[in-house]
Amino acid sequence: GGESEKSSGENGGSDSTETDSGGSDSSGDKGGDSEKLVIGFSQVGAESEWRTANTKSMKAAIEDAGHELKFSDAQQKQENQIKAIRSFIAQKVDAIVFSPVVETGFETVLQEAKDAGIPVFLSDRAVDIEDDSLWATFLGSDFVEEGRKAARWMVEEYKDEEGPINIVELQGTVGSAPAIDRKEGFEEVISEYPEKFKIIKSQTGEFTRSKGKEVMEAFLKSDGENIDVLYSHNDDMAIGAIQAIEEYGLKPAEDIKIIGVDAVRGAFEAMADGKMNVTVECNPLTGPQMVELIEAHLAGEKIEKRVSVEEGIYTMDQAEELLPTRKY
Amino acid sequence: MSAKTPMLRMDGINKVFPGVKALTNVNFRLFPGEVHALMGENGAGKSTLVKVLTGVYASDGGTVTLEGKPIQITTPLEAQEFGISTVYQEVNLCPNLSVAENIFVGREPRKRGRIDWKEINRRAEELLSTRLNLNIDVTRELDSYSVAIQQMIAIARSLNVSAKVLILDEPTSSLDTNEVEQLFAVIRKLKSEGLAIVFISHFLDQIYEISDRITVLRNGNWIGEYMTKELPRLELVSKMIGKELDVLAEASSNKRIFKGGESFLQADQVYKKGKIQPFDLNMNRGEIVGLAGLLGSGRSELARLLFGADKSDGGTIKINGKKVSLNSPKQAITNGIAFSSENRKTEGIIGDLSIRENMILAIQGVKGWFRYIPRKKQNEIVDEYIKLLNINPPNPEQLIKNLSGGNQQKVLLARWLITNPELLILDEPTRGIDVGAKAEIQKLMLSLSEKGMSILFISAELEEILRTCQRIAVLRDHEKVSELENDNGITQQDIMKEMAGGM
Amino acid sequence: MIKSRLFWPILVLVLILLLNLFFDPGFFSVEVRGGHLTGSLIDILNRGAPLILIAIGMTLVIATAGIDLSVGSVVAMAGAMAAFVVSKPGLSDDSLVPLFTALALAIGLSVVAGMWNGLLVSRIGVQPIVATLILMVAGRGIAQLITNGQILTIYYEPYSFVGGGYLLMLPFSIFIVAAVLALALFLTRKTSIGLFIESVGSNPEASRLTGLNSKNILLMVYIFSGFCAGIGGIILSSNVSAADGNNAGLWFELDAILAVVIGGTSLMGGKFHLMGTVIGALIIQSLTTTIYSIGIPPEVNLVVKAVVVLIVCLLQSPEFRKKVLGGLKSKANRDAKGVA
Amino acid sequence: MLKRLNINYKHLPILVTVGLFILMYIFGSMRYTGFMSSQVFLNLFINNAFLIILAVGMTFVILTGGIDLSVGSVIALTSMVAADLIMNAQLSPWLVIPISLLVGTTLGLINGCIIHFFNIQPFIVTLAGLFLARGLAYLINIESIAITDPFFDFMAKTRIPIGDSFISISVVIALVVVLIGVYLAHYTNFGRTVYAIGGSEQSAVLMGLPVGRTKILIYTFSGFCASLAGLVFTFYMLSGYALHANGMELDVIASVVIGGTLLTGGVGYVAGSVIGVLILGVIQTIIIFEGTLSSWWTKIAIGVLVLAFIVFQRILVVRSNVKKAAGANNVDIKESSPPLKTKSM
Ligand SMILES: Nc1ncnc2c1ncn2[C@@H]1O[C@H](COP(=O)(O)OP(=O)(O)OP(=O)(O)O)[C@@H](O)[C@H]1O
Ligand SMILES: Nc1ncnc2c1ncn2[C@@H]1O[C@H](COP(=O)(O)OP(=O)(O)OP(=O)(O)O)[C@@H](O)[C@H]1O
Ligand SMILES: [Mg+2]
Ligand SMILES: [Mg+2]
């Protein structure tokens, strides 16, 4: 019963090969790197590999810079995250970093942080609050854009073919922002070709491999050979689905084109094996960039309210070559 | 008296349980200012009739009229609202609530809208001490008291309302003479106030002492309604069992004294703080020893220590001369001891299991997990005991919770007899058992002791003890005060003197 | 037939399957594909294997009036443990040593987990729901500790056979379920364990006074539940060739309890019905599969599930049948009479 | 000694629990700087106000031997309804609040009726309630809805100062609910019937108590508490979201049980449950202050702390019960100790 609690799924972003570049950030020099800062970091949880990689990157960057980290894991619960931020305030940390579980609901506690004079940095997910003085900056990616990218690749791939192209979609956890946005972006693009592309089935795989496999199995049972494309909101579900396709007796990536999001190592392996076509990247290794932003802000520099990062997209042919460089 | 019109009438009552026809066309009339005894063997349908009347069970036919108006009662709550107050056969109170609360729950006195606890405790104490002569701490939880006390509390609850009808289903089954007298005094008073009272008991003496009218049921059938004065005892019994049989005479002629064999168990200065003072007890093979004492004198506590149901705080127990430790029932059972608790509802029956399973449970416990008695063998054993103890219904797969109280007790007895113990401890084994069966059980005890089994027998009925026991240990205030040889000279009076504090 | 306790659950199961037939006429067909039998029915059995296993263990725990919330975490732990052994790169597919090491360690760990629960409940006297809640929380942590927060991917073929292989044309996991079910049936029918469990669950104090060692019985059922969950975890991880410490077996405890209750076993302890549980688990699994295959939008999944659960339980309730269905019937009768 | 303090032995488990709570708090204060501040203590209430409200309702349910799994989902549904009505339907808060409160109350009433009339196990009925409420929340909107309403803002942000520190309005609401809960449990007919049902439902029926009505009321009350908690949660989050409070039912049940209530019913106190909530809160605060635990060590640490607490609680309670039993004889049995449950904490 119940729902998987991974309201956040995956996200983040920037070009994977140069992880600490950071799009348009204005960190510049490290503000004299004299002081030892205490940074409170409230992470969503450890619900996926992506998330674990993100945590590791953040921890390593903060420690490498010689600052003290107060880490708190919210076990995917917003209320825990609010508690963590409150106790960071009580502990009088110098800066708070957090990856909001949900976009809404942080107003009160952020106000408390502001009153206590502690700057707040959002990581990988924005918050939906009108008063933007409540946080210093947001470093992260754009899920809607990820969805668009996936769709654009598909449109390009099928540009010479006649419709209708039947798509099945594996959604993330119902109601989670990545699931909603990746769906929205994807649908936005394909709605330009209403005759050609059709999503015939869409069901949640709760971002997990085993659910991805189970749902794909059911799709195959009911629609079998009709399916042309699988769009999966993350790579893990896609990997599970690949197994289901193989067991059903079809060839993944050939009989059914497979699009994932995240660009985790597993996806590269699958692509290198010729079982997956493409994955839209989402880079979790944002730690160093975040540290730079914090230092810059505390040093009094003006930083952008939103620091977004470029997102890559990787296809089968690049996989072999890039696989050894993947860190997560 | 017959000129009066009945306050309550039940006509043509039927009740069917899956597989059992519990009541067939039963009639019942209840007159104000009268005590009406409902008589019948175990499983005759007495409790069922009561429960149909009070809305616990829906009847499958028949009518009920109260004061001339036909009524329909579907829940005990409604019964209460009609002025019918009931003490059910098994103690039906809440073990987690205090004594006072058990008496008042549902109709607590209030002060400014909220429950007045001081008042509840005061009134409960008063009610118990003035009407039932029971002085206990009413703020303690119910389950810290023995079954007999619980029974008194249930009675107190039923008295605490202004009712028109009072139903008492075996209220006296574990009370001793004094308490019964208290109760009867109360009943007489209520009767004179015009209450109609239903009284169920298997004690013929009590029936003849208190009742004015008797209705007899047999096998769910209505046999007849009689004036107590006009119905001789033997006739009553034969109406109940359906044949001419002089069981009572037979049973009392059974009194025989065996000389015990060598010692089986010796307890030396065994005690438990707050429960029972250090005591010595010697049980010889083939001997029946009785434990006598007033309510709460510690008889059950003593028995429980010998069985390892509670851990003793000190003292030694030897079996066959060898020192043993009895820290759990399991150890006691492997040492050949069996114990049938007085509290059959909470410490005896396993309600969800069948008669068969309840019976073989103890012997299977001895055999362990993997030496499972084959089903065929089980059926043989169970059939044998169903016949021996005349258990009704004789269907081994019936759930024990659906049996009448007396029949449940028989199943529990069978459970222990099957293990063929060397020492059998029986705490109020005849509680709620009908006259015929009681005689059977006494006979059984005698024949078992003849075969070398020693039996420790606890009963509130001194007569029963005198009839069967060779030695009688008397307890007073949690202390064993004396041990009497049951030679012909001894009378109930002698024992009572000891119990009350040697005058 | 209607009297049988299994009648209503089976009826619901059949109805759910028939519903599928309506959407997909080939639903009941079983065909040979690539040397094994495939078809929706077999898929349901295969996919439902872990749930059935866990629910079997849960049945015995519930029969003692306990509950085991930790099964989901034990699933994750067992999967993580096994994957930890067989996900090392460079294992040769020819050697079966890693397979057996993995199975032994995974099952060992889950038995230890079960024993831990059992000891807390039986020796320290902690209420089952809290006792197992501890492992429910901490177990996932342990699983992630083993996998270091990663999803361990397994490339070692023999391990994948456990949950993904075929024997005699049927998925191997079906055989595992059959074996564990047979074991459970044997233990509870051919030994006295079943009787003792019901006795302890129905009236613990009376059982103690009858000389049953209720502590050992409690310990045993929790160990067995851990064992079942462990095997479930192995099947699950083997089936997707990966171990996910955080998500494997998430919310399994609720589904397992649901299966047990649908199967007719009361949470108050006492009588239990293993076959009922199996049917209950199959109902849940077919429902899930149905939701996926007939294209119900994911937002509605839960509402559908709620409705089906309620229908199953209402049908099973004699009071409901009497009051509502009986009411309808007698009304129909009355109407009929009125017309006549 | 206990007698001199005029403490009833029945209150011992709860005293032990309070004692352990204080010990844990002292442990945290010695180990972490800033832990000892009054604000950290008050945060326990601010952060857990909704849990406290849920726990009050759940205590009644568990006291009857039942369980209510739907509360977490009802929070989500209530927050969703409130957010949707305020933001999309543009209703006034004075309409929205009663409507939202009706959401859980109605669901609770339905739960209770099904449980009572059709005699179905509470676990399964409320599990269906869990699915249903969350499913309905999804149907309203799968995205979260931020609330920007002056009244909600006021409820969320108002700080009631206490010395240098502050509490929120929600804390006041929670404490009022606790007081009502204690009053209901110990000074009303309804409350005593609840205990009686928990002690033995069958007996309660035979004693002529209104068992059916009480059971239905219990689930209705729990549903009401869940909705109220949902509103408080909405103030806390200022948003409606279908995934809110996922799995919270287990937190509540755990708090209630840790607070000394027996799942089999009949034994426990409302106040105990509140302390249970605070204990889980302290455990979490300790872990956050520790600040170095990775995600998985966080889980393991929660497990270990809960374990340590439970085991100590058991040992202390069992010990004192043994002493009590031993001492009972030295004291005259008939002497009355202070009235039970009158001073219900
Ligand atoms: N709930 C039930 N389900 C099935 N059978 C029942 C149920 N309750 C009672 N019976 C059966 O109905 C018959 C009458 O039982 P009842 O309890 O009325 O007997 P009784 O006269 O009170 O006996 P006793 O003297 O032993 O108390 C018995 O055969 C009993 O087994
Ligand atoms: N009259 C009383 N006053 C106070 N406490 C009592 C009384 N009767 C029983 N108790 C309590 O009940 C407990 C159980 O007593 P126990 O069962 O040993 O008595 P018993 O001699 O077997 O009497 P019974 O005939 O009631 O079974 C005692 O430990 C005592 O605390
Ligand atoms: Mg009877
Ligand atoms: Mg006694």
# chains A, B, ... in the order shown; residues from 1 in each chain; ligands from 1
>>> residues_near_ligand(ligand="ligand 3", cutoff="8 Å", atoms="only C-alpha atoms and all ligand atoms", output="ChimeraX atom specification")
/B:42-43,45-48,89,169-170,404-406,432
>>> residues_near_ligand(ligand="ligand 2", cutoff="7 Å", atoms="only C-alpha atoms and all ligand atoms", output="number ranges by chain")
B: 134-136, 144-149, 174-175, 275, 293-302, 460; D: 333-334
>>> interface_residues(of="chain D", to="chain A", cutoff="8 Å", atoms="only C-alpha atoms", output="MDAnalysis selection string")
chainID D and resid 33:35 39:40 43 47 131 138 142:146 156:157 236:239 242:246 285 287:296 298
>>> residues_near_ligand(ligand="ligand 1", cutoff="10 Å", atoms="only C-alpha atoms and all ligand atoms", output="VMD selection string")
chain B and resid 15 to 23 38 to 52 57 88 to 90 169 to 170 200 to 202 217 to 220 391 to 395 398 to 410 431 to 435
>>> residues_around(residues="Leu466 of chain B", least_positions_apart="4", cutoff="9 Å", atoms="only C-alpha atoms", output="VMD selection string")
chain B and resid 255 290 461 to 462 470 to 472 486 490 to 492
>>> write_last_selection(atoms="all heavy atoms", output="PDB file, in the first residue's frame")
ATOM      1  N   LYS B 255     -18.487 -41.660  50.296  1.00  0.00           N
ATOM      2  CA  LYS B 255     -17.454 -41.173  51.195  1.00  0.00           C
ATOM      3  C   LYS B 255     -16.625 -42.335  51.739  1.00  0.00           C
ATOM      4  O   LYS B 255     -17.104 -43.164  52.489  1.00  0.00           O
ATOM      5  CB  LYS B 255     -18.107 -40.408  52.344  1.00  0.00           C
ATOM      6  CG  LYS B 255     -17.122 -39.883  53.341  1.00  0.00           C
ATOM      7  CD  LYS B 255     -17.824 -39.009  54.339  1.00  0.00           C
ATOM      8  CE  LYS B 255     -16.903 -38.773  55.528  1.00  0.00           C
ATOM      9  NZ  LYS B 255     -17.556 -37.970  56.542  1.00  0.00           N
ATOM     10  N   GLY B 290      -7.868 -31.194  51.225  1.00  0.00           N
ATOM     11  CA  GLY B 290      -8.725 -30.053  50.964  1.00  0.00           C
ATOM     12  C   GLY B 290      -8.095 -28.777  51.499  1.00  0.00           C
ATOM     13  O   GLY B 290      -7.350 -28.800  52.476  1.00  0.00           O
ATOM     14  N   GLU B 461     -17.363 -24.994  49.146  1.00  0.00           N
ATOM     15  CA  GLU B 461     -18.385 -25.810  49.820  1.00  0.00           C
ATOM     16  C   GLU B 461     -17.705 -26.760  50.790  1.00  0.00           C
ATOM     17  O   GLU B 461     -17.069 -27.724  50.385  1.00  0.00           O
ATOM     18  CB  GLU B 461     -19.120 -26.665  48.800  1.00  0.00           C
ATOM     19  CG  GLU B 461     -20.161 -25.948  48.011  1.00  0.00           C
ATOM     20  CD  GLU B 461     -20.722 -26.891  46.978  1.00  0.00           C
ATOM     21  OE1 GLU B 461     -21.666 -27.613  47.302  1.00  0.00           O
ATOM     22  OE2 GLU B 461     -20.162 -26.932  45.869  1.00  0.00           O
ATOM     23  N   LEU B 462     -17.900 -26.513  52.054  1.00  0.00           N
ATOM     24  CA  LEU B 462     -17.238 -27.359  53.042  1.00  0.00           C
ATOM     25  C   LEU B 462     -17.768 -28.780  52.988  1.00  0.00           C
ATOM     26  O   LEU B 462     -17.043 -29.746  53.193  1.00  0.00           O
ATOM     27  CB  LEU B 462     -17.451 -26.775  54.440  1.00  0.00           C
ATOM     28  CG  LEU B 462     -16.697 -25.459  54.642  1.00  0.00           C
ATOM     29  CD1 LEU B 462     -16.935 -24.932  56.046  1.00  0.00           C
ATOM     30  CD2 LEU B 462     -15.228 -25.641  54.383  1.00  0.00           C
ATOM     31  N   GLN B 470      -9.225 -36.366  52.848  1.00  0.00           N
ATOM     32  CA  GLN B 470      -8.711 -37.053  54.009  1.00  0.00           C
ATOM     33  C   GLN B 470      -8.136 -36.098  55.019  1.00  0.00           C
ATOM     34  O   GLN B 470      -8.200 -36.301  56.206  1.00  0.00           O
ATOM     35  CB  GLN B 470      -7.568 -37.971  53.575  1.00  0.00           C
ATOM     36  CG  GLN B 470      -8.044 -39.300  53.168  1.00  0.00           C
ATOM     37  CD  GLN B 470      -6.959 -39.918  52.356  1.00  0.00           C
ATOM     38  OE1 GLN B 470      -6.752 -39.574  51.215  1.00  0.00           O
ATOM     39  NE2 GLN B 470      -6.254 -40.832  52.978  1.00  0.00           N
ATOM     40  N   ARG B 471      -7.490 -35.080  54.457  1.00  0.00           N
ATOM     41  CA  ARG B 471      -6.933 -34.061  55.334  1.00  0.00           C
ATOM     42  C   ARG B 471      -7.434 -32.714  54.842  1.00  0.00           C
ATOM     43  O   ARG B 471      -7.655 -32.528  53.649  1.00  0.00           O
ATOM     44  CB  ARG B 471      -5.413 -34.083  55.275  1.00  0.00           C
ATOM     45  CG  ARG B 471      -4.784 -34.883  56.393  1.00  0.00           C
ATOM     46  CD  ARG B 471      -3.292 -34.726  56.390  1.00  0.00           C
ATOM     47  NE  ARG B 471      -2.674 -35.070  55.129  1.00  0.00           N
ATOM     48  CZ  ARG B 471      -1.750 -34.334  54.527  1.00  0.00           C
ATOM     49  NH1 ARG B 471      -1.334 -33.203  55.084  1.00  0.00           N
ATOM     50  NH2 ARG B 471      -1.240 -34.703  53.379  1.00  0.00           N
ATOM     51  N   ILE B 472      -7.550 -31.795  55.766  1.00  0.00           N
ATOM     52  CA  ILE B 472      -8.027 -30.474  55.379  1.00  0.00           C
ATOM     53  C   ILE B 472      -7.073 -29.436  55.952  1.00  0.00           C
ATOM     54  O   ILE B 472      -6.845 -29.401  57.166  1.00  0.00           O
ATOM     55  CB  ILE B 472      -9.440 -30.217  55.917  1.00  0.00           C
ATOM     56  CG1 ILE B 472     -10.406 -31.252  55.324  1.00  0.00           C
ATOM     57  CG2 ILE B 472      -9.903 -28.806  55.571  1.00  0.00           C
ATOM     58  CD1 ILE B 472     -11.687 -31.394  56.084  1.00  0.00           C
ATOM     59  N   ASN B 486      -9.499 -35.716  58.519  1.00  0.00           N
ATOM     60  CA  ASN B 486     -10.937 -35.856  58.341  1.00  0.00           C
ATOM     61  C   ASN B 486     -11.393 -37.222  58.838  1.00  0.00           C
ATOM     62  O   ASN B 486     -11.777 -38.085  58.067  1.00  0.00           O
ATOM     63  CB  ASN B 486     -11.287 -35.668  56.871  1.00  0.00           C
ATOM     64  CG  ASN B 486     -12.783 -35.700  56.641  1.00  0.00           C
ATOM     65  OD1 ASN B 486     -13.558 -35.685  57.588  1.00  0.00           O
ATOM     66  ND2 ASN B 486     -13.177 -35.752  55.386  1.00  0.00           N
ATOM     67  N   ILE B 490     -15.112 -34.983  62.700  1.00  0.00           N
ATOM     68  CA  ILE B 490     -15.032 -33.582  62.301  1.00  0.00           C
ATOM     69  C   ILE B 490     -16.305 -33.092  61.599  1.00  0.00           C
ATOM     70  O   ILE B 490     -16.930 -33.835  60.840  1.00  0.00           O
ATOM     71  CB  ILE B 490     -13.789 -33.393  61.408  1.00  0.00           C
ATOM     72  CG1 ILE B 490     -12.874 -32.397  62.121  1.00  0.00           C
ATOM     73  CG2 ILE B 490     -14.158 -32.868  60.067  1.00  0.00           C
ATOM     74  CD1 ILE B 490     -11.592 -32.245  61.443  1.00  0.00           C
ATOM     75  N   THR B 491     -16.694 -31.865  61.883  1.00  0.00           N
ATOM     76  CA  THR B 491     -17.902 -31.319  61.264  1.00  0.00           C
ATOM     77  C   THR B 491     -17.585 -30.004  60.566  1.00  0.00           C
ATOM     78  O   THR B 491     -16.505 -29.443  60.752  1.00  0.00           O
ATOM     79  CB  THR B 491     -18.972 -31.012  62.330  1.00  0.00           C
ATOM     80  OG1 THR B 491     -18.430 -30.006  63.187  1.00  0.00           O
ATOM     81  CG2 THR B 491     -19.345 -32.236  63.118  1.00  0.00           C
ATOM     82  N   GLN B 492     -18.544 -29.532  59.805  1.00  0.00           N
ATOM     83  CA  GLN B 492     -18.360 -28.244  59.147  1.00  0.00           C
ATOM     84  C   GLN B 492     -18.087 -27.142  60.151  1.00  0.00           C
ATOM     85  O   GLN B 492     -17.295 -26.240  59.908  1.00  0.00           O
ATOM     86  CB  GLN B 492     -19.618 -27.898  58.342  1.00  0.00           C
ATOM     87  CG  GLN B 492     -19.816 -28.774  57.138  1.00  0.00           C
ATOM     88  CD  GLN B 492     -20.814 -28.147  56.180  1.00  0.00           C
ATOM     89  OE1 GLN B 492     -20.950 -26.938  56.128  1.00  0.00           O
ATOM     90  NE2 GLN B 492     -21.475 -28.987  55.404  1.00  0.00           N
TER      91      GLN B 492
END
>>> atom_distance(atom1="atom CA of Ile317 of chain B", atom2="atom CA of Leu426 of chain B")
18.9 Å
>>> interface_residues(of="chain B", to="chain D", cutoff="7 Å", atoms="only C-alpha atoms", output="number ranges by chain")
B: 76-77, 80, 92-97, 105-106, 114-115, 117, 136-137, 139, 273-274
>>> write_last_selection(atoms="N, CA and C atoms", output="short mmCIF file (atom, residue, chain, number, x, y, z; two decimals), in the first residue's frame")
data_model
loop_
_atom_site.label_atom_id
_atom_site.label_comp_id
_atom_site.auth_asym_id
_atom_site.auth_seq_id
_atom_site.Cartn_x
_atom_site.Cartn_y
_atom_site.Cartn_z
N PRO B 76 -28.33 -4.98 25.74
CA PRO B 76 -28.37 -4.93 27.21
C PRO B 76 -28.66 -3.54 27.73
N LEU B 77 -28.26 -2.55 26.95
CA LEU B 77 -28.52 -1.17 27.36
C LEU B 77 -30.03 -0.94 27.46
N GLN B 80 -31.54 -2.54 30.44
CA GLN B 80 -31.38 -1.72 31.63
C GLN B 80 -32.40 -0.60 31.68
N ASN B 92 -18.65 -10.48 34.21
CA ASN B 92 -18.51 -9.61 33.06
C ASN B 92 -18.31 -8.17 33.50
N LEU B 93 -17.09 -7.93 33.97
CA LEU B 93 -16.72 -6.59 34.38
C LEU B 93 -15.42 -6.26 33.65
N CYS B 94 -14.95 -5.05 33.82
CA CYS B 94 -13.74 -4.65 33.13
C CYS B 94 -12.53 -4.72 34.05
N PRO B 95 -11.60 -5.60 33.74
CA PRO B 95 -10.49 -5.85 34.66
C PRO B 95 -9.59 -4.63 34.85
N ASN B 96 -9.62 -3.71 33.88
CA ASN B 96 -8.70 -2.57 33.97
C ASN B 96 -9.26 -1.41 34.76
N LEU B 97 -10.53 -1.49 35.10
CA LEU B 97 -11.12 -0.37 35.85
C LEU B 97 -11.10 -0.69 37.34
N VAL B 105 -19.77 2.55 36.40
CA VAL B 105 -19.56 3.01 35.03
C VAL B 105 -20.86 2.98 34.24
N GLY B 106 -21.10 4.04 33.52
CA GLY B 106 -22.35 4.17 32.77
C GLY B 106 -23.37 4.99 33.51
N ARG B 114 -19.23 17.11 35.64
CA ARG B 114 -18.14 16.16 35.49
C ARG B 114 -18.22 15.07 36.55
N ILE B 115 -17.60 13.98 36.24
CA ILE B 115 -17.69 12.83 37.13
C ILE B 115 -17.10 13.16 38.49
N TRP B 117 -15.40 11.84 41.35
CA TRP B 117 -14.68 10.62 41.75
C TRP B 117 -14.76 10.34 43.23
N ILE B 136 -13.20 -3.70 51.09
CA ILE B 136 -11.99 -3.75 50.27
C ILE B 136 -11.67 -2.35 49.75
N ASP B 137 -10.44 -2.23 49.25
CA ASP B 137 -10.02 -0.96 48.67
C ASP B 137 -10.67 -0.83 47.29
N THR B 139 -10.51 1.47 45.18
CA THR B 139 -9.78 2.19 44.14
C THR B 139 -8.81 1.28 43.41
N LYS B 273 5.79 -13.01 49.21
CA LYS B 273 5.53 -11.76 49.93
C LYS B 273 4.20 -11.16 49.52
N GLY B 274 3.43 -10.80 50.52
CA GLY B 274 2.19 -10.10 50.21
C GLY B 274 1.08 -11.02 49.78
#
>>> residues_around(residues="Glu217 of chain A", least_positions_apart="5", cutoff="8 Å", atoms="only C-alpha atoms", output="CSV table (one decimal) with N, CA and C atoms, in the first residue's frame")
chain,number,residue,atom,x,y,z
A,241,ALA,N,12.6,-1.2,-16.6
A,241,ALA,CA,11.7,-1.4,-17.7
A,241,ALA,C,12.5,-2.2,-18.8
A,244,ALA,N,12.2,-5.7,-18.2
A,244,ALA,CA,10.9,-6.3,-18.6
A,244,ALA,C,10.8,-6.4,-20.1
A,245,ILE,N,11.3,-5.5,-20.8
A,245,ILE,CA,11.2,-5.6,-22.3
A,245,ILE,C,12.0,-6.8,-22.8
A,248,TYR,N,10.2,-9.9,-22.0
A,248,TYR,CA,9.0,-10.0,-22.9
A,248,TYR,C,9.4,-10.5,-24.3
>>> interface_residues(of="chain C", to="chain A", cutoff="9 Å", atoms="only C-alpha atoms", output="ChimeraX atom specification")
/C:23-24,27,33-34,38-40,43,47,144,148-151,153,236-237,239-242,244-248,250-256,258,289-299,302,305
>>> interface_residues(of="chain D", to="chain C", cutoff="8 Å", atoms="only C-alpha atoms", output="ChimeraX atom specification")
/D:117-121,124-125,127-136,138-139,142,254,257-258,262-263,295-304,306-307,310-311,314
>>> select_by_dssp(residues="segment 52-207 of chain C", states="strand (DSSP E or B)", output="list in words")
Ile151, Leu152, Thr153, Tyr166, Leu167, Leu170 and Pro171 of chain C
>>> write_last_selection(atoms="C-alpha atoms", output="JSON list (two decimals), in the first residue's frame")
[["chain", "number", "residue", "atom", "x", "y", "z"],
["C", 151, "ILE", "CA", 21.71, 1.04, -5.89],
["C", 152, "LEU", "CA", 23.92, -2.00, -6.25],
["C", 153, "THR", "CA", 23.55, -3.54, -9.66],
["C", 166, "TYR", "CA", 12.51, -20.57, -15.00],
["C", 167, "LEU", "CA", 12.17, -24.19, -14.01],
["C", 170, "LEU", "CA", 7.49, -21.79, -14.80],
["C", 171, "PRO", "CA", 9.12, -18.90, -12.97]]
>>> closest_residue(among="B:Glu479, B:Asp352, B:Glu126, B:Glu428", to="Lys272 of chain B", atoms="only C-alpha atoms")
B:Glu479
>>> residues_around(residues="Met271 of chain A", least_positions_apart="6", cutoff="12 Å", atoms="only C-alpha atoms", output="PyMOL selection string")
chain A and resi 235+238-239+242+252-254+257-260+263-265+277-279+314-323
>>> residues_around(residues="Ser100 of chain D", least_positions_apart="2", cutoff="7 Å", atoms="only C-alpha atoms", output="ChimeraX atom specification")
/D:78,81-82,96-98,102-103,227
>>> interface_residues(of="chain C", to="chain B", cutoff="10 Å", atoms="only C-alpha atoms", output="JSON, numbers by chain")
{"C": [187, 188, 189, 190, 191, 192, 193, 194, 195, 196, 198, 199, 200, 201, 202, 203, 204, 205, 206, 207, 208, 209, 210, 211, 212, 213, 217, 269, 270, 271]}
>>> residues_around(residues="Val112 of chain C", least_positions_apart="4", cutoff="12 Å", atoms="only C-alpha atoms", output="PyMOL selection string")
chain C and resi 74+77-78+104-108+116-119+135+139+219-220+222-227+229-230
>>> select_by_dssp(residues="segment 411-486 of chain B", states="helix (DSSP H, G or I)", output="PyMOL selection string")
chain B and resi 411-418+435-450+462-468
>>> atom_distance(atom1="atom CA of Val237 of chain B", atom2="atom CA of Asn488 of chain B")
28.7 Å
>>> closest_residue(among="B:Asn420, B:Gln150, B:Lys480, B:Gln277", to="ligand 4", atoms="only C-alpha atoms and all ligand atoms")
B:Gln150
